[in-house]
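K.L.:
Sharing a structure, written as structure tokens. Questions coming.
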Amino acid sequence: MAYFLQLVFAGVAQGCIYALIGLGFSIIFKASQVINFAQGELLLVGTYVVASAVLNWHLPFLLALPLGLLVTILIGLLFERLVLRRMIGRPPFTVLMITIGLDIILRTLVVVGWGSRTIPAATPFTVTSGFNVAGVHLGSSDLWTIGVTIVLCAALYYFFRRTRYGLAMRATALDQEAALAMGIDVRTVYALAWGLAAAITTLGGVLLAIDSLAIDPNFGNAALVAFPAIILGGLDSVSGAVVGGVIIGLTSVLTAGYESRLPAVVGTGLHEVTPYLIMILILLIRPYGLFGSRKVERV
Amino acid sequence: MIATRERGRSRLRQELPREAEPPRLLGSLARWLWLGVGVLALLLFFSLAGDDWFTIINYCLIAAIATLALNLLSGYTGQISLGLAFFMGLGGYTAAFLGGNPPQGALDPWGLGLPVFIWLPAAGLVAALVGALIGPSALRLRGFYLGIVTLALVFIGNYLFRNLSFITGGPQGRNFPVPAFGGFSLDQQNSILGIALTSGQQYFLLILVILLLSALFVYNLSRSRVGRAMRAVRDHEVGAAIMGVNLFEVKMGAFVLSSFLAGVAGALYVSYARYVIPDYWSLSLSIQFVAAIIIGGIADVWGSILGAAFVFALPQVIDYFSLLPPSTGGGGLSSGDLNALLYGLLIIVFLLFEPGGVIGLVRRLRPGRPRLQAAGASAAGAGADAATLKEGGESIEVVDLQQRASGPDEEQGRRRTGAS
Amino acid sequence: MSERPNYSTLPGHNHQLKANEPLLRVEQLSVRFAGVRALSEVSFTVWPGELFAVIGPNGAGKTSLFNVLSRVYQPEAGRVTFAGQELLRLKPHQVARAGIARTFQNMGQFPTMTVLDYLLLGRHTRMHSGILRAGLFIGPTRREEWENRTYCLHILDLLNMKEVRDRPLGSLPYGLQKRADLARALAMEPRLLLLDEPVAGMSLEETEEIAAIILEIKEQLGITQILVEHDMALVMGLADRVLVLDFGRVIAEGRPAEVQANPAVIKAYLGEESEQLPAPADDLPAVSEN
């Protein structure tokens, strides 16, 4: 039982990370109907910068983190400004492809700059820190992850419901032309979405790196696991991303925890694909995700 | 045989007006000239190039077959797929299983030792069959959703390939034997029609023939009823359906045929590399093919071949001339990195400025073709951004404000308002 | 068009007129659209060979009606019978096969397709080559292609568009695009032709040309047509019968002159915009800007 609870705790924590990364996708998708394929590589660059700042330049973690966020936000804003702004009105297919271009560039730059070897991740915690409750070890990093996610979600909720820019973003998501007509600066909204998404995703990445202790150039693939999370939640649903993230985190961690007890037929590495299997299953039943909305087409 | 065909053709010409004749493959002098130049170049390459060059070119030609497969699905039919590597892997392991040696050790698990003319088509057929099984549920989804599900296929495939070790040899991989039939083996000097051929040259001929057949098939498809339906589905699904195009049939056709070609390419790859590990069939392989169709040219046979050459042959050529130090894992710029940076950048540049890819650029700059006067079309507010149109080169720049990919759809028949 | 084109040379278009049996019967059709009623209990009948017009202010539900007939919208209730067939059981692509062709209100869906290819796309249901035969492109496929290109060129010739056959649709002026769309719909050899605002955005001259074509289609080919149009002069001049929708309801039906005199119709139009007043039949030029 304690083992199960331990796994549930770890699963929720990991789910929060997927939720953060998934939020990054959702925010950009909501604002501009674009799936940002380069999300994972923004996160990759961010974690490498934070790791370097702590390990090589000996900055304290609390200074390194904003530095990493700043770098990815800048990349996001620059990309939005220099490339995506010229793509407004182009088909989503093309825009997805162009973010694949950014993905390749960022990943290669990391390989060129830091090499393809695994390096330790920056962390403000020691591995064993935390406390025990009823035989369950609540690690500091996991507690922080959950806490940060809750605070961020509350802040985002407030932002989207109460602030001027948040409301503008929602209006733009609903109807770009109408938003333009109402005097909302759609470009500012896009820039805001990209900056926000880059920051939230990077935060998720740094938390994930703390959890996995080490990073390598494939670390960005973590964002790909957030795909099932947002598909589950529905691409355009921000709260759906959180629910989807937690579902994915739980199933993934639980599968990993019990994998050794499963019959030998399932082999190894099942937990790496359970998110995708669940996603395919859900899409078979509800082709637009659990919380996603359908849109009406005109002819 | 030729005589009867000629007679058939001239009979058609008497019945049907000349002006309506479908363009012939070699219908103009220019095309004959190009064919001549192509054959000459191939002959020169064939007789002068060394083994290293054959290795580079053979891999490139195999990649061109797979690029063609992706272009058929994504370029012509508009279905985003990141799952090409999965279907290549299926073909690769089918070939390895059917053509592999009988069990000998860890690197030679099950194998039936069948000849190449069985495992090569079988590789395509198995991939096509899996495509046909997955297609009905995957193709209900549209746009991003399909892209993400096909991405999931790559990871699920990787898991299967690592664990089905009685066929795949597990993470360490398995050997693939030399393709041979009877006493004729592709890894040694053979003499065909009195000409002594190296192993590389024999592979080259085999792969070239398959590439040419695939390219011809795709080209023919693109100028026929099915090809028009594919492009219509890509440009506007609802519009295509209203004109009587069965969306499901067309998408399935593209998906299955694309899977078949990818399977064949995977089998050729394994057979040429003589070894296969699960990590070959990674997401980044799929992405490289996406880069290839964008850089080469969307919905274009020549574009596919050029794109494959750019993405898959260029780093080897750079290596061949030792222009950059080999990759050590410690950072610094290797040829692979340079190439990746280049094609990442080119994806962005082409999509921004020349959506028709290299081939679109070539077609547009070709002499004797006046540039299109697109005035007036957009002035009427038709919604078509005529400025992005490039004559000849097809592009995915289908500006359509009414059909944003907003989510997947259920079958065309049941949907919309009734469900609310 | 100096000489009257002879449409009867088009093979396939000899529909027997059986005037005693309706071609299309719409009964109690209701469409709800995100909570709003787009159509409420709409019923009407279209007879073979008829030119039937549907008019109404913006948002009256005209295009929704067409979208139901092309099976893009699923109605909430109602029944549609086309040539004795339950239309609502068909999928969109089967509607085309059953003999209903539709022109698009806005062009721009297929900007890279050449005019000839677009017409050939219209021949989709009349051609048969599958993926394997198309890929090989020998014998029957080539013949089929040739025959259908002949057919399409013939239509282009009739509509005076032959010289633009190889131009991409997106490169043509808007009027020509819409005419190419009409040609494509004709290439489908329909029994029922749905014309969704065929002259919207056209010049007066272009409008007159399209009107002439519509009349030729009716008189020479005997194709039944349903016309949705804002251009009141066009509708009143061409249509045999007119159906008027307002807020998704039928408010009048009858001959053009009857409908024009109907107080409910006048009120519906006055309530909206004065420029869309039903024009007197002799006031042709004034209404066709749009």
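In the structure tokens, chains take the letters A, B, ... in the order shown, each chain's residues start at 1, and ligands count up from 1 in the order shown.
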Would you list which chain C residues are within 8 Å of chain A using only C-alpha atoms, as a list in words?
P.N.:
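Residues passing the distance filter: Asn67, Phe104, Gln105 and Asn106 of chain C.
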K.L.:
What lies within 8 Å of segment 260-265 of chain B using only C-alpha atoms, ignoring chain neighbours under 4 positions off, as a tab-separated table (two decimals) with C-alpha atoms, in the first residue's frame?
P.N.:
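Output below, filename around-v8.tsv:
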```tsv
chain	number	residue	atom	x	y	z
B	62	ILE	CA	16.89	4.59	-50.59
B	63	ALA	CA	16.02	7.77	-48.70
B	65	ILE	CA	12.04	6.24	-51.98
B	66	ALA	CA	10.98	6.99	-48.41
B	68	LEU	CA	8.47	9.90	-52.04
B	69	ALA	CA	6.33	7.89	-49.62
B	70	LEU	CA	5.99	10.83	-47.25
B	84	LEU	CA	7.35	7.29	-41.52
B	85	ALA	CA	10.17	5.77	-39.48
B	87	PHE	CA	6.63	1.97	-41.31
B	88	MET	CA	10.24	1.84	-42.51
B	89	GLY	CA	11.07	-0.17	-39.39
B	90	LEU	CA	8.22	-2.57	-40.07
B	91	GLY	CA	9.57	-3.14	-43.57
B	92	GLY	CA	13.11	-3.46	-42.29
B	120	LEU	CA	11.42	-7.07	-50.63
B	121	PRO	CA	7.77	-7.03	-51.74
B	123	ALA	CA	8.35	-5.82	-46.53
B	124	GLY	CA	6.19	-3.37	-48.42
B	125	LEU	CA	3.08	-5.51	-48.06
B	126	VAL	CA	3.44	-5.96	-44.30
B	127	ALA	CA	3.93	-2.21	-43.81
B	128	ALA	CA	0.93	-1.56	-46.07
B	214	SER	CA	8.15	4.18	-57.48
B	256	VAL	CA	-1.49	2.44	-47.48
B	269	TYR	CA	18.08	0.20	-45.95
```
K.L.:
What are the DSSP strand (DSSP E or B) residues of segment 45-294 of chain A, as a PyMOL selection string?
P.N.:
chain A and resi 119-120+130-133+136-139+214-215
K.L.:
Would you mind exporting N, CA and C atoms of the selected residues as a short mmCIF file (atom, residue, chain, number, x, y, z; two decimals), in the first residue's frame?
P.N.:
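So the final result, stored in part39.cif, reads:
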```
data_model
loop_
_atom_site.label_atom_id
_atom_site.label_comp_id
_atom_site.auth_asym_id
_atom_site.auth_seq_id
_atom_site.Cartn_x
_atom_site.Cartn_y
_atom_site.Cartn_z
N ILE A 119 25.03 15.39 -19.00
CA ILE A 119 25.61 16.23 -17.94
C ILE A 119 24.65 16.27 -16.75
N PRO A 120 25.17 16.52 -15.56
CA PRO A 120 24.29 16.58 -14.39
C PRO A 120 23.38 17.80 -14.47
N GLY A 130 13.33 16.12 2.19
CA GLY A 130 11.90 15.88 2.22
C GLY A 130 11.53 15.22 3.53
N PHE A 131 10.31 14.74 3.64
CA PHE A 131 9.95 14.06 4.89
C PHE A 131 9.03 12.88 4.62
N ASN A 132 8.87 12.05 5.64
CA ASN A 132 8.10 10.82 5.48
C ASN A 132 6.76 10.94 6.19
N VAL A 133 5.71 10.48 5.49
CA VAL A 133 4.38 10.43 6.09
C VAL A 133 3.84 9.03 5.85
N VAL A 136 5.47 6.93 3.37
CA VAL A 136 5.65 7.48 2.02
C VAL A 136 6.63 8.63 2.10
N HIS A 137 7.68 8.57 1.25
CA HIS A 137 8.66 9.63 1.24
C HIS A 137 8.19 10.76 0.33
N LEU A 138 7.96 11.94 0.91
CA LEU A 138 7.56 13.09 0.11
C LEU A 138 8.80 13.93 -0.16
N GLY A 139 9.40 13.72 -1.33
CA GLY A 139 10.63 14.42 -1.67
C GLY A 139 10.40 15.90 -1.87
N ALA A 214 19.89 14.22 -14.42
CA ALA A 214 20.86 14.45 -15.49
C ALA A 214 20.12 14.80 -16.77
N ILE A 215 20.81 15.49 -17.66
CA ILE A 215 20.19 15.86 -18.94
C ILE A 215 21.13 15.56 -20.08
#
```
K.L.:
So that I can see what lies close to segment 248-252 of chain C, please list as a PyMOL selection string the residues with an atom at most 10 Å from it, counting only C-alpha atoms and leaving out residues fewer than 3 positions away in the same chain.
P.N.:
chain C and resi 29-32+36-44+54-56+59-62+64-65+242-245+255+258-260+262-265+268
K.L.:
Please identify every residue of chain A that has at least one atom no farther than 6 Å from an atom of chain B, counting only C-alpha atoms, and for each give the shortest atom pair and the distance in Å to one decimal, arranged by chain then increasing number, as JSON lines.
P.N.:
```
{"residue": "A:Arg90", "atom": "CA", "partner": "B:Val399", "partner_atom": "CA", "distance": 5.9}
{"residue": "A:Ile98", "atom": "CA", "partner": "B:Ile348", "partner_atom": "CA", "distance": 5.3}
{"residue": "A:Gly101", "atom": "CA", "partner": "B:Gly344", "partner_atom": "CA", "distance": 4.2}
{"residue": "A:Ile104", "atom": "CA", "partner": "B:Gly344", "partner_atom": "CA", "distance": 5.2}
{"residue": "A:Ile105", "atom": "CA", "partner": "B:Leu341", "partner_atom": "CA", "distance": 5.1}
{"residue": "A:Thr108", "atom": "CA", "partner": "B:Asp337", "partner_atom": "CA", "distance": 5.9}
{"residue": "A:Val111", "atom": "CA", "partner": "B:Gly331", "partner_atom": "CA", "distance": 5.9}
{"residue": "A:Val112", "atom": "CA", "partner": "B:Gly331", "partner_atom": "CA", "distance": 4.6}
{"residue": "A:Gly113", "atom": "CA", "partner": "B:Gly331", "partner_atom": "CA", "distance": 5.6}
{"residue": "A:Trp114", "atom": "CA", "partner": "B:Gly331", "partner_atom": "CA", "distance": 5.3}
{"residue": "A:Gly115", "atom": "CA", "partner": "B:Gly331", "partner_atom": "CA", "distance": 3.4}
{"residue": "A:Ser116", "atom": "CA", "partner": "B:Gly329", "partner_atom": "CA", "distance": 4.8}
{"residue": "A:Arg117", "atom": "CA", "partner": "B:Gly329", "partner_atom": "CA", "distance": 5.9}
{"residue": "A:Gly267", "atom": "CA", "partner": "B:Asn163", "partner_atom": "CA", "distance": 5.5}
{"residue": "A:Val273", "atom": "CA", "partner": "B:Ile156", "partner_atom": "CA", "distance": 5.8}
{"residue": "A:Tyr276", "atom": "CA", "partner": "B:Ala152", "partner_atom": "CA", "distance": 5.5}
{"residue": "A:Tyr288", "atom": "CA", "partner": "B:Pro408", "partner_atom": "CA", "distance": 5.7}
```
K.L.:
Write a file of the just-selected residues containing C-alpha atoms, as a PDB file, in the first residue's frame.
P.N.:
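What ended up in again-v8.pdb:
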```pdb
ATOM      1  CA  ARG A  90      -0.984  30.591 -43.521  1.00  0.00           C
ATOM      2  CA  ILE A  98       8.193  25.835 -39.539  1.00  0.00           C
ATOM      3  CA  GLY A 101      12.666  23.887 -38.363  1.00  0.00           C
ATOM      4  CA  ILE A 104      16.054  21.116 -35.374  1.00  0.00           C
ATOM      5  CA  ILE A 105      18.115  24.304 -35.081  1.00  0.00           C
ATOM      6  CA  THR A 108      21.659  21.073 -32.980  1.00  0.00           C
ATOM      7  CA  VAL A 111      24.741  19.526 -29.356  1.00  0.00           C
ATOM      8  CA  VAL A 112      27.270  21.906 -30.860  1.00  0.00           C
ATOM      9  CA  GLY A 113      27.535  24.037 -27.745  1.00  0.00           C
ATOM     10  CA  TRP A 114      27.430  21.457 -24.968  1.00  0.00           C
ATOM     11  CA  GLY A 115      28.182  18.177 -26.730  1.00  0.00           C
ATOM     12  CA  SER A 116      25.991  15.100 -26.862  1.00  0.00           C
ATOM     13  CA  ARG A 117      27.181  13.631 -23.544  1.00  0.00           C
ATOM     14  CA  GLY A 267       9.099  -6.640 -21.876  1.00  0.00           C
ATOM     15  CA  VAL A 273       4.669   4.175 -24.252  1.00  0.00           C
ATOM     16  CA  TYR A 276       0.726   7.169 -26.140  1.00  0.00           C
ATOM     17  CA  TYR A 288     -11.412  15.446 -30.140  1.00  0.00           C
TER      18      TYR A 288
END
```
K.L.:
Near segment 158-165 of chain C, within 6 Å and counting only C-alpha atoms, which residues show up once chain neighbours fewer than 2 positions away are dropped, as a PDB file with C-alpha atoms, in the first residue's frame?
P.N.:
```pdb
ATOM      1  CA  PRO C   5     -23.749  27.949 -77.880  1.00  0.00           C
ATOM      2  CA  VAL C 115      -8.967  25.070 -64.695  1.00  0.00           C
ATOM      3  CA  LEU C 116      -8.862  21.848 -66.700  1.00  0.00           C
ATOM      4  CA  ILE C 155     -17.615  22.432 -71.592  1.00  0.00           C
ATOM      5  CA  LEU C 156     -14.826  25.004 -71.416  1.00  0.00           C
ATOM      6  CA  ARG C 167      -4.108  28.549 -65.716  1.00  0.00           C
TER       7      ARG C 167
END
```
K.L.:
What is the atom CA of Leu42 of chain B-atom CA of Leu212 of chain B distance in Å, reported with one decimal?
P.N.:
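That distance, rounded to one decimal, is 12.8 Å.
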K.L.:
What separation in Å, quoted to one decimal, exists between atom CA of Trp194 of chain A and atom CA of Glu80 of chain A?
P.N.:
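Pair atom CA of Trp194 of chain A / atom CA of Glu80 of chain A returns 6.9 Å.
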K.L.:
What lies within 8 Å of Leu238 of chain C using only C-alpha atoms, ignoring chain neighbours under 4 positions off, as a PyMOL selection string?
P.N.:
chain C and resi 51+211+215+234
K.L.:
From the set B:Met252, B:Ala229, B:Leu361, B:Ala292, which residue has the shortest atom-to-atom contact distance to chain C, counting only C-alpha atoms?
P.N.:
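Closest residue, counting only C-alpha atoms: B:Ala229.
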K.L.:
Taking the chain letters and numbering used in this document, name the residues of segment 127-204 of chain A that DSSP puts in alpha helix (DSSP H), as a ChimeraX atom specification.
P.N.:
/A:140-162,164-174,176-181,186-204
K.L.:
Report the distance between atom CA of Leu196 of chain A and atom CA of Ala181 of chain A in Å, rounded to one decimal place.
P.N.:
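A separation of 24.3 Å between them.
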K.L.:
Would you kindly return, as a CSV table (one decimal) with N, CA and C atoms, in the first residue's frame, each protein, DNA or RNA residue with an atom no farther than 6 Å from any atom of segment 216-223 of chain A, considering only C-alpha atoms and excluding same-chain residues fewer than 6 positions away?
P.N.:
```csv
chain,number,residue,atom,x,y,z
A,40,GLY,N,9.7,21.4,-26.9
A,40,GLY,CA,10.7,20.5,-26.2
A,40,GLY,C,12.1,21.1,-26.3
A,41,GLU,N,12.4,21.8,-27.4
A,41,GLU,CA,13.8,22.2,-27.5
A,41,GLU,C,14.0,23.6,-26.8
A,44,LEU,N,14.7,22.3,-23.6
A,44,LEU,CA,16.1,21.8,-23.6
A,44,LEU,C,17.1,22.9,-23.4
A,116,SER,N,27.1,16.0,-27.0
A,116,SER,CA,26.0,15.1,-26.9
A,116,SER,C,26.1,14.2,-25.6
A,118,THR,N,25.9,13.2,-21.6
A,118,THR,CA,25.0,13.5,-20.5
A,118,THR,C,25.7,14.4,-19.5
```
K.L.:
Please list as a count of residues only every residue within 10 Å of Ile118 of chain B, counting only C-alpha atoms and excluding residues in the same chain fewer than 5 positions away.
P.N.:
4
K.L.:
Would you give me, as a tab-separated table, each residue of chain C having an atom within 6 Å of an atom of chain B, along with its shortest atom pair and that distance in Å to one decimal, using only C-alpha atoms and sorting by chain and residue number?
P.N.:
```
residue	atom	partner	partner_atom	distance
C:Phe33	CA	B:Thr417	CA	5.3
C:Tyr73	CA	B:Arg416	CA	6.0
C:Gln74	CA	B:Gly418	CA	5.3
C:Glu76	CA	B:Gly418	CA	5.5
C:Lys91	CA	B:Gly413	CA	4.9
C:Pro92	CA	B:Ala241	CA	5.6
C:His93	CA	B:Gly244	CA	3.9
C:Ala96	CA	B:Gly244	CA	4.7
C:Met107	CA	B:Ala382	CA	5.6
C:Gly108	CA	B:Ala384	CA	4.6
C:Gln109	CA	B:His236	CA	5.8
C:Phe110	CA	B:Asp235	CA	5.8
C:Gly122	CA	B:Met243	CA	6.0
C:Thr125	CA	B:Gly244	CA	5.9
C:Ala134	CA	B:Leu221	CA	5.2
C:Gly135	CA	B:Phe217	CA	4.5
C:Phe137	CA	B:Asn220	CA	5.9
C:Trp146	CA	B:Glu21	CA	5.3
C:Arg149	CA	B:Ala20	CA	5.3
C:Thr150	CA	B:Ala20	CA	5.1
C:Gly170	CA	B:Ala386	CA	5.7
C:Ser171	CA	B:Ala374	CA	4.6
C:Leu172	CA	B:Ala377	CA	5.6
C:Pro173	CA	B:Ala377	CA	4.5
C:Tyr174	CA	B:Ala377	CA	5.5
```
